[in-house]
Each structure stands twice: as structure tokens, then as C-alpha cells.
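Here is the structure we will look at.
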Amino acid sequence: PSWCYHLPSCNEFNWAKNYSNCSGTRQSPINIVSESAKPNNNLSEIHFENSSNIMSIENNGETVNVTLESGVKISGGDLSGEYDTVQFHFHWGNGSSVPGSEHTVDGKRYPMELHIVNTKPIYNRNIMEAAKDPIGIAALGFFIEVMSGNSTGQPESWRNLTSYLANIKEKHNNVSFNSAAAGFSLKDLLGNVSLSKYYRYLGSLTIPPCNEAVVWTVFKEPIKVSKDLIDLFSTTLHFNDNTSQLMTNVYRSVQNQRDRIVWTQRS
Ligand code: BO1
Ligand code: ZN
């Protein structure tokens with residue numbers, strides 16, 4: 001694309017030159033100060049309506065993007081109705097030891113962050129259309145933490161999903177799979193994380209064009225993933241087909257919270 005994370009002459013501090021939203025007043029990610037989160041008891045559990053699905057996993061030169069064909073929805077969580085699950089993707093640093101989550105909590109950055117991107121049904125799963133509506137997109141952020149032990153103790157979905165990375169090393173490489181046949185489900189990917197414990201705030205897409213259209217839900221409990229599977233992202237994928245640049249440090253730095261409130265359920 002026409003933007004980059006961390007080249008000397010093309011990096012996140014230039015984004016706003018071509019994408020003016022990126023210097024807006026409700027940008028994401030942010031550092032969440034846990035003690036300052038404001039109680040909101042309307043923040044009920046988030047629900048997934050899961051179904052078997054055709055999914056396509058792609059190296060888009062920015063991240064690993066998994067697009068769902070149809071049929072998965074989320075609800076609850078004081079969102080304005082149901083949202084359709086469109087895609088999920090990841091942000092990471094460089095292996096399990098150089099963390100690369102986008103949100104941070106009390107200054108802590110986790111090794112990776114999973115984003116599940118959902119749009120209001122009226123936008124027919126079109127993210128850029130939903131991005132014109134201040135609450136058109138509901139993004140769910142899950143931190144990924146290193147689990148001790150190797151991948152044998154891992155949910156099947158993590159082993160199955162990461163097994164495709166070797167097939168999408170270069171930009172634009174993609175593979176389709178049927179989630180049921182491939183032994184993959186979003187629920188299994190999330191492990192035992194409580195879908196009632198999260199932070200809520202209003203923000204933006206974390207990459208250009210940085211539209212301020214996102215209701216963010218950032219879960220408190222991290223998903224535990226083994227070091228060998230986390231390391232696969234930064235050791236397998238390339239940014240471009242014509243260079244050998246490994247895809248590393250694909251996260252935006254934290255943005256000014258300004259006068260925004262972060263809410264959480266406190267019971
Ligand atoms: S995120 O969850 O805030 N990191 C986020 C960022 C961008 C998108 C979705 C979620 N949108 C996608 C568009 C694609 C486009 C891609 C890269 O951004 O849906 O069409 O190719 O620009
Ligand atoms: Zn993201």
C-alpha cells in the first residue's frame with residue numbers, strides 16, 4: 001500500500017499526510033489505565049453466533065487477514081444490536097520476546113493482539129462503508145500472551161490456523177479452507193477468555209485510512225498461545241514478494257486518549 005509501519009522514510013508518523021483521519025481526535029490504539037476505567041454495568045457478555053464457514057487466509061502485505069464468508073454474528077455487550085463478523089487479523093512484534101500488541105494496559109504491551117472486525121448488518125460486511133458511520137464497526141481486541149510449554153497443549157484451532165502460514169509467505173498469497181473440515185472455530189481460538197471482562201471505548205481503525213468509526217472492546221484476559229506458534233508469524237511471513245523483509249512490528253503506537261472515557265464492568 002502507500003503506507004508503512006517503520007521504514008526510515010515511510011512510517012506511522014507520515015500517515016496523516018495522505019490520510020488526514022490519522023491525526024483525528026479519537027484514534028486507536030490507546031494505553032488503557034485500568035484504575036481510571038469508569039464503571040458501566042450495561043457492559044454485558046459478548047456472544048458469538050458461530051457456524052461453519054468458508055474462510056480465506058491471506059498475507060495482504062500488512063498482516064494475516066482471515067476473511068469469513070458469512071454467518072457469524074456477535075451480540076450483547078451494550079452494542080447497538082447485532083454486528084456481522086467480517087474478518088480477523090493479528091498485530092505482533094518480533095517473536096514472543098519483542099511484544100507487538102496495539103493496545104497496552106497500564107503500559108504493558110503483550111506479544112500479539114487479535115482483532116475480530118464486525119460491521120453493522122446494514123453495511124453488508126463492507127468495512128469501508130461501515131467506516132463512514134461513527135459506530136459502524138465493532139472491533140474486538142484480544143491480547144495474546146505466551147503459554148508455557150509447546151504447541152501440543154494448544155487449542156486445535158491455533159495449531160490448524162498457524163499451519164497455513166507456510167502457504168502464505170508472500171504478499172497476496174491466500175488459501176481457502178472450510179472451518180468445520182479444518183478443525184477451526186473462533187470460539188476455540190479464544191480459549192477460556194471471559195467474554196464479560198473487557199474495556200470499552202470509542203476509537204478508530206488502527207491503520208490508514210484511520211476512520212473514526214470503531215466501537216472498541218478490549219478483553220482483559222489474554223489468550224495463552226505457545227511460544228513456537230507466536231514465533232511463526234514473525235519468522236514465516238514477508239511484507240513483499242520482491243524482498244526478503246520479514247513481516248515484523250506490525251502495530252501502531254498508542255494514541256492520545258484526549259477526553260475519551262474508557263468503561264468497564266465492575267461487579
Ligand atoms: S483494525 O482492526 O483497526 N486494525 C482494522 C484496520 C483496517 C481494517 C479493518 C480493521 N480494514 C481493512 C479493509 C480492507 C483493506 C485493509 C487494509 O483494511 O477492510 O479492505 O484492504 O487497508
Ligand atoms: Zn487490527
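Following the order of the C-alpha cells, first chain is A, next is B, and so on, with residues numbered from 1 inside each chain and ligands from 1 in the order they appear.
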
Give the residues close to ligand 1, within 9 Å, counting only C-alpha atoms and all ligand atoms; write them as a JSON list (two decimals) with C-alpha atoms, in the first residue's frame.
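Generated output (selection-v6.json):
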```json
[["chain", "number", "residue", "atom", "x", "y", "z"],
["A", 1, "PRO", "CA", 0.00, 0.00, 0.00],
["A", 28, "SER", "CA", -6.67, 3.92, 18.23],
["A", 29, "PRO", "CA", -4.93, 2.14, 19.84],
["A", 60, "ASN", "CA", -2.08, -8.79, 2.48],
["A", 61, "GLY", "CA", 1.36, -7.26, 2.99],
["A", 62, "GLU", "CA", 0.22, -5.70, 6.27],
["A", 63, "THR", "CA", -0.92, -8.64, 8.38],
["A", 65, "ASN", "CA", -6.14, -11.50, 7.37],
["A", 86, "VAL", "CA", -16.29, -9.93, 8.62],
["A", 87, "GLN", "CA", -12.68, -10.78, 9.27],
["A", 88, "PHE", "CA", -10.00, -11.23, 11.89],
["A", 89, "HIS", "CA", -6.30, -10.45, 11.81],
["A", 90, "PHE", "CA", -3.29, -10.03, 14.07],
["A", 91, "HIS", "CA", -0.73, -7.48, 15.17],
["A", 102, "GLU", "CA", -1.56, -2.40, 19.75],
["A", 114, "LEU", "CA", -6.07, -10.50, 17.72],
["A", 115, "HIS", "CA", -8.69, -8.20, 16.16],
["A", 116, "ILE", "CA", -12.11, -9.55, 15.22],
["A", 117, "VAL", "CA", -13.78, -6.98, 12.95],
["A", 118, "ASN", "CA", -17.58, -6.74, 12.81],
["A", 126, "ASN", "CA", -18.35, -3.79, 3.67],
["A", 127, "ILE", "CA", -15.80, -2.35, 6.11],
["A", 128, "MET", "CA", -15.14, 0.85, 4.17],
["A", 131, "ALA", "CA", -16.24, 3.15, 8.31],
["A", 137, "ILE", "CA", -17.63, -1.13, 13.17],
["A", 138, "ALA", "CA", -17.36, -3.13, 16.40],
["A", 139, "ALA", "CA", -13.81, -4.41, 16.84],
["A", 140, "LEU", "CA", -12.92, -7.00, 19.48],
["A", 141, "GLY", "CA", -9.32, -6.97, 20.68],
["A", 203, "GLY", "CA", -11.82, 4.87, 18.58],
["A", 204, "SER", "CA", -10.67, 4.26, 15.04],
["A", 205, "LEU", "CA", -9.18, 1.82, 12.56],
["A", 206, "THR", "CA", -5.54, 1.38, 13.62],
["A", 207, "ILE", "CA", -4.25, 1.54, 10.04],
["A", 208, "PRO", "CA", -4.88, 4.05, 7.25],
["A", 209, "PRO", "CA", -7.38, 5.43, 6.45],
["A", 210, "CYS", "CA", -7.83, 5.50, 10.30],
["A", 211, "ASN", "CA", -11.60, 6.13, 10.13],
["A", 214, "VAL", "CA", -14.95, 1.86, 15.73],
["A", 216, "TRP", "CA", -13.60, -0.94, 20.65],
["A", 251, "TYR", "CA", 1.44, -2.42, 15.23],
["A", 252, "ARG", "CA", 0.69, 1.26, 15.62]]
```

If DSSP is run on the backbone, what residues of stretch 58-244 of chain A are strand (DSSP E or B)? A reply as a count of residues only would be ideal. 67

At a cut-off of 7 Å, using only C-alpha atoms, what residues contact stretch 179-181 of chain A? Leave out same-chain residues fewer than 3 positions from it and give the result as a VMD selection string. chain A and resid 52 to 55 184 to 185

Take the residues just selected and output them with C-alpha atoms as a PDB file, in the first residue's frame.
```pdb
ATOM      1  CA  SER A  52     -19.233 -23.441   9.941  1.00  0.00           C
ATOM      2  CA  ASN A  53     -17.790 -21.157   7.401  1.00  0.00           C
ATOM      3  CA  ILE A  54     -15.614 -20.844   4.338  1.00  0.00           C
ATOM      4  CA  MET A  55     -12.646 -18.733   5.322  1.00  0.00           C
ATOM      5  CA  PHE A 184     -11.133 -24.373  13.291  1.00  0.00           C
ATOM      6  CA  SER A 185     -13.572 -22.216  15.244  1.00  0.00           C
TER       7      SER A 185
END
```

Between A:Asn21, A:Thr236, A:Asn173, A:Ser51, which has the minimum distance to A:Leu186 (counting only C-alpha atoms)?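 Looking only at the distances to A:Leu186, the closest residue turns out to be A:Ser51.
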
Between atom CA of A:Tyr199 and atom CA of A:Met147, what is the distance, to one decimal in Å?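 If I compute the distance from atom CA of A:Tyr199 to atom CA of A:Met147, I get 22.9 Å.
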
Can you tell me which residues surround A:Gly95 at a distance of at most 7 Å, considering only C-alpha atoms, apart from same-chain residues fewer than 5 positions away, and format the answer as a PDB file with C-alpha atoms, in the first residue's frame?
```
ATOM      1  CA  ILE A 230       3.698 -16.985  18.271  1.00  0.00           C
ATOM      2  CA  ASP A 231       7.184 -17.043  16.737  1.00  0.00           C
ATOM      3  CA  SER A 234       7.430 -13.107  12.563  1.00  0.00           C
TER       4      SER A 234
END
```

Which residue gives the smallest distance to ligand 2 among A:Arg200, A:Glu129, A:Arg258, A:Val64, with only C-alpha atoms and all ligand atoms counted?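 Using only C-alpha atoms and all ligand atoms, ligand 2 sits closest to A:Val64.
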
Shell around A:Gly76 at 7 Å using only C-alpha atoms, local window under 5 positions removed, as a list in words: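 Counting only the stated atoms, we get Ser44, Glu45, Ile46 and His47 of chain A.
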
Write the residues of the selection above to a file with C-alpha atoms, as a PDB file, in the first residue's frame.
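Once written, selection-v3.pdb looks like this:
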```pdb
ATOM      1  CA  SER A  44     -22.895  -7.481  29.425  1.00  0.00           C
ATOM      2  CA  GLU A  45     -21.206 -10.556  27.991  1.00  0.00           C
ATOM      3  CA  ILE A  46     -20.422 -10.603  24.261  1.00  0.00           C
ATOM      4  CA  HIS A  47     -21.997 -13.525  22.406  1.00  0.00           C
TER       5      HIS A  47
END
```

Restricting to only C-alpha atoms and all ligand atoms, whichever of A:Thr119, A:Ser101, A:Ser2, A:Thr162 is closest to ligand 2 is A:Ser101

Using DSSP on the backbone, list every residue of stretch 11-249 of chain A that comes out as helix (DSSP H, G or I), and give them as an mmCIF file with N, CA and C atoms, in the first residue's frame.
```cif
data_model
loop_
_atom_site.group_PDB
_atom_site.id
_atom_site.type_symbol
_atom_site.label_atom_id
_atom_site.label_comp_id
_atom_site.auth_asym_id
_atom_site.auth_seq_id
_atom_site.Cartn_x
_atom_site.Cartn_y
_atom_site.Cartn_z
ATOM 1 N N GLU A 12 4.620 5.383 10.507
ATOM 2 C CA GLU A 12 3.309 5.814 11.009
ATOM 3 C C GLU A 12 3.227 7.320 11.254
ATOM 4 N N PHE A 13 4.376 7.977 11.410
ATOM 5 C CA PHE A 13 4.339 9.414 11.665
ATOM 6 C C PHE A 13 4.080 10.219 10.381
ATOM 7 N N ASN A 14 4.080 9.547 9.233
ATOM 8 C CA ASN A 14 3.710 10.186 7.954
ATOM 9 C C ASN A 14 2.269 9.881 7.530
ATOM 10 N N TRP A 15 1.592 9.003 8.231
ATOM 11 C CA TRP A 15 0.276 8.558 7.758
ATOM 12 C C TRP A 15 -0.673 9.725 7.476
ATOM 13 N N ALA A 16 -0.702 10.707 8.376
ATOM 14 C CA ALA A 16 -1.697 11.773 8.259
ATOM 15 C C ALA A 16 -1.484 12.657 7.020
ATOM 16 N N LYS A 17 -0.296 12.605 6.419
ATOM 17 C CA LYS A 17 -0.074 13.394 5.204
ATOM 18 C C LYS A 17 -0.999 12.940 4.082
ATOM 19 N N ASN A 18 -1.165 11.622 3.939
ATOM 20 C CA ASN A 18 -2.056 11.102 2.902
ATOM 21 C C ASN A 18 -3.431 10.703 3.426
ATOM 22 N N SER A 20 -5.835 11.984 6.293
ATOM 23 C CA SER A 20 -5.989 13.021 7.323
ATOM 24 C C SER A 20 -6.669 12.505 8.589
ATOM 25 N N ASN A 21 -7.534 11.453 8.447
ATOM 26 C CA ASN A 21 -8.174 10.911 9.655
ATOM 27 C C ASN A 21 -7.152 10.501 10.708
ATOM 28 N N CYS A 22 -5.955 10.114 10.250
ATOM 29 C CA CYS A 22 -4.975 9.536 11.184
ATOM 30 C C CYS A 22 -4.486 10.543 12.222
ATOM 31 N N SER A 23 -4.784 11.836 12.018
ATOM 32 C CA SER A 23 -4.442 12.810 13.060
ATOM 33 C C SER A 23 -5.705 13.324 13.758
ATOM 34 N N SER A 34 -6.027 1.082 33.842
ATOM 35 C CA SER A 34 -7.089 0.252 34.437
ATOM 36 C C SER A 34 -7.799 0.966 35.584
ATOM 37 N N GLU A 35 -7.041 1.693 36.396
ATOM 38 C CA GLU A 35 -7.628 2.360 37.563
ATOM 39 C C GLU A 35 -8.586 3.485 37.170
ATOM 40 N N SER A 36 -8.416 4.032 35.968
ATOM 41 C CA SER A 36 -9.256 5.154 35.544
ATOM 42 C C SER A 36 -10.495 4.720 34.788
ATOM 43 N N PRO A 121 -25.133 -4.741 10.302
ATOM 44 C CA PRO A 121 -25.716 -5.505 9.189
ATOM 45 C C PRO A 121 -26.078 -4.656 7.964
ATOM 46 N N ILE A 122 -26.470 -3.387 8.170
ATOM 47 C CA ILE A 122 -26.882 -2.569 7.020
ATOM 48 C C ILE A 122 -25.743 -2.329 6.028
ATOM 49 N N TYR A 123 -24.516 -2.561 6.418
ATOM 50 C CA TYR A 123 -23.391 -2.313 5.500
ATOM 51 C C TYR A 123 -22.958 -3.563 4.736
ATOM 52 N N ILE A 127 -16.454 -3.111 5.034
ATOM 53 C CA ILE A 127 -15.797 -2.353 6.107
ATOM 54 C C ILE A 127 -15.666 -0.876 5.750
ATOM 55 N N MET A 128 -15.328 -0.551 4.507
ATOM 56 C CA MET A 128 -15.136 0.847 4.165
ATOM 57 C C MET A 128 -16.461 1.628 4.161
ATOM 58 N N GLU A 129 -17.576 0.958 3.868
ATOM 59 C CA GLU A 129 -18.889 1.613 4.007
ATOM 60 C C GLU A 129 -19.213 1.831 5.489
ATOM 61 N N ALA A 130 -18.998 0.795 6.284
ATOM 62 C CA ALA A 130 -19.255 0.906 7.727
ATOM 63 C C ALA A 130 -18.371 1.971 8.366
ATOM 64 N N SER A 151 3.359 -26.488 21.583
ATOM 65 C CA SER A 151 2.048 -26.362 20.958
ATOM 66 C C SER A 151 1.152 -27.588 21.143
ATOM 67 N N THR A 152 1.668 -28.661 21.758
ATOM 68 C CA THR A 152 0.793 -29.827 21.937
ATOM 69 C C THR A 152 -0.340 -29.535 22.928
ATOM 70 N N GLY A 153 -0.130 -28.582 23.841
ATOM 71 C CA GLY A 153 -1.179 -28.255 24.805
ATOM 72 C C GLY A 153 -2.110 -27.161 24.325
ATOM 73 N N GLU A 156 -6.778 -26.778 19.305
ATOM 74 C CA GLU A 156 -6.594 -27.280 17.936
ATOM 75 C C GLU A 156 -6.630 -26.134 16.923
ATOM 76 N N SER A 157 -7.497 -25.136 17.175
ATOM 77 C CA SER A 157 -7.654 -24.039 16.216
ATOM 78 C C SER A 157 -6.362 -23.262 16.006
ATOM 79 N N TRP A 158 -5.565 -23.102 17.055
ATOM 80 C CA TRP A 158 -4.301 -22.379 16.900
ATOM 81 C C TRP A 158 -3.308 -23.166 16.060
ATOM 82 N N ARG A 159 -3.247 -24.468 16.303
ATOM 83 C CA ARG A 159 -2.327 -25.299 15.503
ATOM 84 C C ARG A 159 -2.786 -25.336 14.047
ATOM 85 N N ASN A 160 -4.090 -25.463 13.846
ATOM 86 C CA ASN A 160 -4.591 -25.545 12.469
ATOM 87 C C ASN A 160 -4.421 -24.222 11.732
ATOM 88 N N LEU A 161 -4.769 -23.122 12.383
ATOM 89 C CA LEU A 161 -4.657 -21.823 11.723
ATOM 90 C C LEU A 161 -3.201 -21.516 11.361
ATOM 91 N N THR A 162 -2.293 -21.695 12.322
ATOM 92 C CA THR A 162 -0.890 -21.335 12.068
ATOM 93 C C THR A 162 -0.241 -22.279 11.056
ATOM 94 N N LEU A 165 0.297 -20.673 7.662
ATOM 95 C CA LEU A 165 1.223 -19.550 7.444
ATOM 96 C C LEU A 165 2.308 -19.897 6.415
ATOM 97 N N ALA A 166 2.740 -21.132 6.417
ATOM 98 C CA ALA A 166 3.780 -21.548 5.467
ATOM 99 C C ALA A 166 3.297 -21.456 4.014
ATOM 100 N N ASN A 167 1.989 -21.405 3.816
ATOM 101 C CA ASN A 167 1.425 -21.307 2.458
ATOM 102 C C ASN A 167 1.162 -19.874 2.024
ATOM 103 N N SER A 179 -14.000 -24.089 7.681
ATOM 104 C CA SER A 179 -13.591 -24.117 9.087
ATOM 105 C C SER A 179 -13.949 -25.433 9.776
ATOM 106 N N ALA A 180 -15.117 -25.961 9.464
ATOM 107 C CA ALA A 180 -15.519 -27.215 10.120
ATOM 108 C C ALA A 180 -14.580 -28.346 9.730
ATOM 109 N N ALA A 181 -14.299 -28.452 8.443
ATOM 110 C CA ALA A 181 -13.419 -29.516 7.967
ATOM 111 C C ALA A 181 -11.985 -29.312 8.461
ATOM 112 N N ALA A 182 -11.588 -28.056 8.631
ATOM 113 C CA ALA A 182 -10.208 -27.769 9.024
ATOM 114 C C ALA A 182 -10.000 -27.811 10.535
ATOM 115 N N LEU A 186 -13.751 -19.902 15.886
ATOM 116 C CA LEU A 186 -13.371 -18.692 16.616
ATOM 117 C C LEU A 186 -13.467 -18.922 18.120
ATOM 118 N N LYS A 187 -14.511 -19.588 18.562
ATOM 119 C CA LYS A 187 -14.697 -19.879 19.987
ATOM 120 C C LYS A 187 -13.491 -20.611 20.556
ATOM 121 N N ASP A 188 -13.032 -21.634 19.820
ATOM 122 C CA ASP A 188 -11.885 -22.428 20.269
ATOM 123 C C ASP A 188 -10.612 -21.566 20.278
ATOM 124 N N LEU A 189 -10.507 -20.657 19.302
ATOM 125 C CA LEU A 189 -9.330 -19.781 19.210
ATOM 126 C C LEU A 189 -9.217 -18.901 20.458
ATOM 127 N N LYS A 227 4.927 -20.354 22.682
ATOM 128 C CA LYS A 227 5.978 -19.542 22.077
ATOM 129 C C LYS A 227 6.239 -19.959 20.628
ATOM 130 N N ASP A 228 6.251 -21.268 20.364
ATOM 131 C CA ASP A 228 6.585 -21.704 18.999
ATOM 132 C C ASP A 228 5.544 -21.227 17.981
ATOM 133 N N LEU A 229 4.274 -21.181 18.369
ATOM 134 C CA LEU A 229 3.251 -20.705 17.421
ATOM 135 C C LEU A 229 3.301 -19.179 17.269
ATOM 136 N N ILE A 230 3.560 -18.451 18.363
ATOM 137 C CA ILE A 230 3.698 -16.985 18.271
ATOM 138 C C ILE A 230 4.867 -16.636 17.350
ATOM 139 N N ASP A 231 5.975 -17.342 17.530
ATOM 140 C CA ASP A 231 7.184 -17.043 16.737
ATOM 141 C C ASP A 231 6.970 -17.277 15.243
ATOM 142 N N LEU A 232 6.033 -18.170 14.883
ATOM 143 C CA LEU A 232 5.807 -18.483 13.465
ATOM 144 C C LEU A 232 5.425 -17.241 12.651
ATOM 145 N N PHE A 233 4.666 -16.309 13.246
ATOM 146 C CA PHE A 233 4.212 -15.131 12.498
ATOM 147 C C PHE A 233 5.404 -14.308 12.008
ATOM 148 N N SER A 234 6.330 -14.018 12.921
ATOM 149 C CA SER A 234 7.430 -13.107 12.563
ATOM 150 C C SER A 234 8.595 -13.816 11.881
ATOM 151 N N THR A 235 8.533 -15.152 11.785
ATOM 152 C CA THR A 235 9.628 -15.857 11.114
ATOM 153 C C THR A 235 9.213 -16.463 9.773
ATOM 154 N N THR A 236 7.924 -16.378 9.433
ATOM 155 C CA THR A 236 7.439 -17.042 8.222
ATOM 156 C C THR A 236 7.016 -16.059 7.139
#
```

Using only C-alpha atoms, pick whichever of A:Val225, A:Leu79, A:Val72, A:Ile57 has the shortest atom-to-atom distance to A:Asn42.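 Closest candidate: A:Leu79.
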